[in-house]
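Student: Right, I'll just put the structure down here and ask away after.
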Amino acid sequence: MTTAEKKAAEAAGTFVPDPGAAPLSRMIGAQTAFETKMLLRNGEQLLLTVVIPALLLVLFSAVSIVDTGSGKAVDFLAPGILALAVMSTAFTGQAIATGFERRYGVLKRLGASPLPRWALMTAKTGSVLVTEVLQIVLLTAIAFALGWSPHGNPLCVVLLLVLGTAAFSGLGLLMAGTLKAEATLAAANLVFLLLLVAGGIIVPLDRFPGAAQDVLRLLPVSALSDGLRDVLRDGAGMPWGDLAILLVWAVVGLGAAARFFKWE
């Protein structure tokens, strides 16, 4: 039916069925909003992505538990906690949620909908970015209340956060798309705890043995926390070395996820 015929039928009060998918941009926007609402309504996810980073920031800034070197503890901790927030959302939270969606057949059903599979992954990434913005705003406000004095170029910070998100998203989707849901749950939480301790977030990497430092600095969370710390605490320029590490992890993680991800 042509447009003119539709208008004539509508003017005559005749119902004209017009089935079809919504525009792609609207579908992605709706799925992003849905994914974000589901994440924010999940108490366990909020504990992982909001409560734990905020508590760690307050606790280790207020109490001298770990020697963070010269200067205020919050100046060392705030960049690391921001890196932790990115990891908790883009890697741990996304891996667990996607793993159980895969187990219960949610991904299979969404994959059969008019929304293309790449657009579904885009919506999930959009949901992660929205959540990270909320995390960063909250954690920044807490850090300022604790006396944080950040420096550096905001563009460097944004670039580090974007590449960090890409790296952790790729690794999270790779885990969720290849392991069983229970294995993903256990592995994602274990990796979260290990990187919390050994990723330079709370404990400075120079507290580890020399040989271990060289390996730990190649981890994505170490590169992200070190890069953010160089910019926000020391006022350094673009941390090219840390950006290169994050870029490699992003390419490898996203490439492997695209190659090996199983929808059911």
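Chains: A, B, ... in order of the structure tokens. Residues: from 1 per chain. Ligands: from 1, in order shown.
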Give me the residues near A:Gly126 as a PDB file with N, CA and C atoms, in the first residue's frame, where near means some atom within 10 Å (using only C-alpha atoms) and where sequence neighbours in that chain fewer than 2 positions away do not count.
Tutor:
```pdb
ATOM      1  N   ILE A  28      18.080  -0.043  19.256  1.00  0.00           N
ATOM      2  CA  ILE A  28      19.289  -0.052  20.076  1.00  0.00           C
ATOM      3  C   ILE A  28      19.084   0.797  21.323  1.00  0.00           C
ATOM      4  N   GLY A  29      18.453   1.967  21.169  1.00  0.00           N
ATOM      5  CA  GLY A  29      18.197   2.827  22.310  1.00  0.00           C
ATOM      6  C   GLY A  29      17.295   2.163  23.329  1.00  0.00           C
ATOM      7  N   GLN A  31      16.819  -1.087  23.773  1.00  0.00           N
ATOM      8  CA  GLN A  31      17.517  -2.218  24.401  1.00  0.00           C
ATOM      9  C   GLN A  31      18.560  -1.722  25.397  1.00  0.00           C
ATOM     10  N   THR A  32      19.229  -0.621  25.073  1.00  0.00           N
ATOM     11  CA  THR A  32      20.197  -0.041  26.003  1.00  0.00           C
ATOM     12  C   THR A  32      19.519   0.395  27.290  1.00  0.00           C
ATOM     13  N   ALA A  33      18.374   1.068  27.158  1.00  0.00           N
ATOM     14  CA  ALA A  33      17.631   1.505  28.347  1.00  0.00           C
ATOM     15  C   ALA A  33      17.164   0.312  29.167  1.00  0.00           C
ATOM     16  N   GLU A  35      18.569  -2.762  29.257  1.00  0.00           N
ATOM     17  CA  GLU A  35      19.737  -3.386  29.891  1.00  0.00           C
ATOM     18  C   GLU A  35      20.179  -2.579  31.108  1.00  0.00           C
ATOM     19  N   THR A  36      20.145  -1.254  30.996  1.00  0.00           N
ATOM     20  CA  THR A  36      20.563  -0.401  32.108  1.00  0.00           C
ATOM     21  C   THR A  36      19.621  -0.532  33.289  1.00  0.00           C
ATOM     22  N   LEU A 120      22.649  -5.880  19.471  1.00  0.00           N
ATOM     23  CA  LEU A 120      22.439  -6.292  20.862  1.00  0.00           C
ATOM     24  C   LEU A 120      23.721  -6.083  21.659  1.00  0.00           C
ATOM     25  N   MET A 121      24.864  -6.458  21.087  1.00  0.00           N
ATOM     26  CA  MET A 121      26.135  -6.229  21.760  1.00  0.00           C
ATOM     27  C   MET A 121      26.407  -4.733  21.921  1.00  0.00           C
ATOM     28  N   THR A 122      25.993  -3.941  20.926  1.00  0.00           N
ATOM     29  CA  THR A 122      26.131  -2.487  21.022  1.00  0.00           C
ATOM     30  C   THR A 122      25.289  -1.941  22.173  1.00  0.00           C
ATOM     31  N   ALA A 123      24.080  -2.464  22.321  1.00  0.00           N
ATOM     32  CA  ALA A 123      23.208  -2.027  23.419  1.00  0.00           C
ATOM     33  C   ALA A 123      23.804  -2.395  24.766  1.00  0.00           C
ATOM     34  N   LYS A 124      24.395  -3.583  24.868  1.00  0.00           N
ATOM     35  CA  LYS A 124      25.038  -3.987  26.121  1.00  0.00           C
ATOM     36  C   LYS A 124      26.212  -3.075  26.444  1.00  0.00           C
ATOM     37  N   VAL A 128      26.738  -0.530  29.650  1.00  0.00           N
ATOM     38  CA  VAL A 128      27.960  -0.473  30.462  1.00  0.00           C
ATOM     39  C   VAL A 128      28.450   0.965  30.580  1.00  0.00           C
ATOM     40  N   LEU A 129      28.445   1.700  29.473  1.00  0.00           N
ATOM     41  CA  LEU A 129      28.930   3.078  29.486  1.00  0.00           C
ATOM     42  C   LEU A 129      28.051   3.971  30.359  1.00  0.00           C
ATOM     43  N   VAL A 130      26.739   3.791  30.278  1.00  0.00           N
ATOM     44  CA  VAL A 130      25.831   4.581  31.120  1.00  0.00           C
ATOM     45  C   VAL A 130      26.102   4.301  32.589  1.00  0.00           C
ATOM     46  N   THR A 131      26.249   3.028  32.925  1.00  0.00           N
ATOM     47  CA  THR A 131      26.519   2.654  34.312  1.00  0.00           C
ATOM     48  C   THR A 131      27.850   3.226  34.785  1.00  0.00           C
ATOM     49  N   GLU A 132      28.862   3.181  33.921  1.00  0.00           N
ATOM     50  CA  GLU A 132      30.162   3.718  34.302  1.00  0.00           C
ATOM     51  C   GLU A 132      30.102   5.220  34.549  1.00  0.00           C
TER      52      GLU A 132
END
```
Student: Need the shell around A:Phe76: protein/DNA/RNA residues with any atom at most 10 Å away, counting only C-alpha atoms. Skip same-chain ones fewer than 5 positions apart. Format as a ChimeraX atom specification?
Tutor: /A:61,68-71,81,148,200-204,225-226,228-230,232-234
Student: Extract, using only C-alpha atoms, all DNA, RNA and protein residues at most 12 Å from A:Leu134, discarding same-chain residues fewer than 4 positions from it, and format them as JSON, numbers by chain.
Tutor: {"A": [36, 40, 46, 49, 50, 82, 85, 86, 89, 127, 128, 129, 130, 138, 139, 140, 141]}
Student: Just how far from atom CA of A:Thr165 is atom CA of A:Val248, in Å to one decimal?
Tutor: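 Straight-line distance from atom CA of A:Val248 to atom CA of A:Thr165 works out to 12.7 Å.
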Student: Mind listing the alpha helix (DSSP H) residues of stretch 33-195 of chain A, per DSSP on the backbone, as an MDAnalysis selection string?
Tutor: chainID A and resid 33:41 43:46 52:62 73:86 94:103 106:111 117:145 154:178 181:195
Student: Let me make sure I understand: among A:Leu194, A:Val51, A:Leu179, A:Leu174, which one has the smallest atom-to-atom distance to A:Ile142 if we use only C-alpha atoms?
Tutor: A:Val51
Student: Counting only C-alpha atoms, what is within 7 Å of A:Ala181, bar same-chain residues fewer than 4 positions away, as JSON, numbers by chain?
Tutor: {"A": [99, 100, 103, 185]}
Student: Applying 10 Å and only C-alpha atoms, which residues near A:Phe91 remain after dropping the ones on its own chain fewer than 5 positions away? List them as a list in words.
Tutor: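 Everything that qualifies: Ala85, Val86, Ile96, Val128, Gly164, Thr165, Ala166, Ala167, Phe168, Ser169, Gly170, Leu171, Gly172, Leu173, Leu174, Met175, Ala176, Ala188, Asn189, Val191 and Phe192 of chain A.
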Student: Find the residue from A:Ser113, A:Ala250, A:Ala119, A:Gly93 that sits nearest to A:Ala186; use only C-alpha atoms when measuring.
Tutor: A:Gly93
Student: Please identify all polymer residues within 10 Å of A:Leu160, counting only C-alpha atoms, omitting same-chain residues fewer than 6 positions from it, and present them as number ranges by chain.
Tutor: A: 83, 154, 166, 223-225, 227-228, 231, 238-240, 242-243, 246-247
Student: Pick out the closest residue to A:Phe60 from this set: A:Val74, A:Ala90, A:Ala256, A:Ala112. Count only C-alpha atoms.
Tutor: A:Val74
Student: Measuring atom to atom with only C-alpha atoms, identify which of A:Gln213, A:Ser149, A:Thr178, A:Ser88 is nearest to A:Ala73.
Tutor: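 Closest candidate: A:Ser149.
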Student: Between A:Leu196, A:Met27, A:Val137, A:Leu190, which one has atoms that come closest to A:Leu110, using only C-alpha atoms?
Tutor: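 Between A:Leu196, A:Met27, A:Val137, A:Leu190, the residue approaching A:Leu110 most closely is A:Met27.
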Student: Measure the distance from atom CA of A:Ala78 to atom CA of A:Ile65 in Å and round it to one decimal.
Tutor: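 These two atoms are separated by 15.4 Å.
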Student: Counting only C-alpha atoms, figure out which residue out of A:Glu182, A:Asp67, A:Asp206, A:Asp75 gets nearest to A:Ala95.
Tutor: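 Smallest distance to A:Ala95 is found for A:Glu182.
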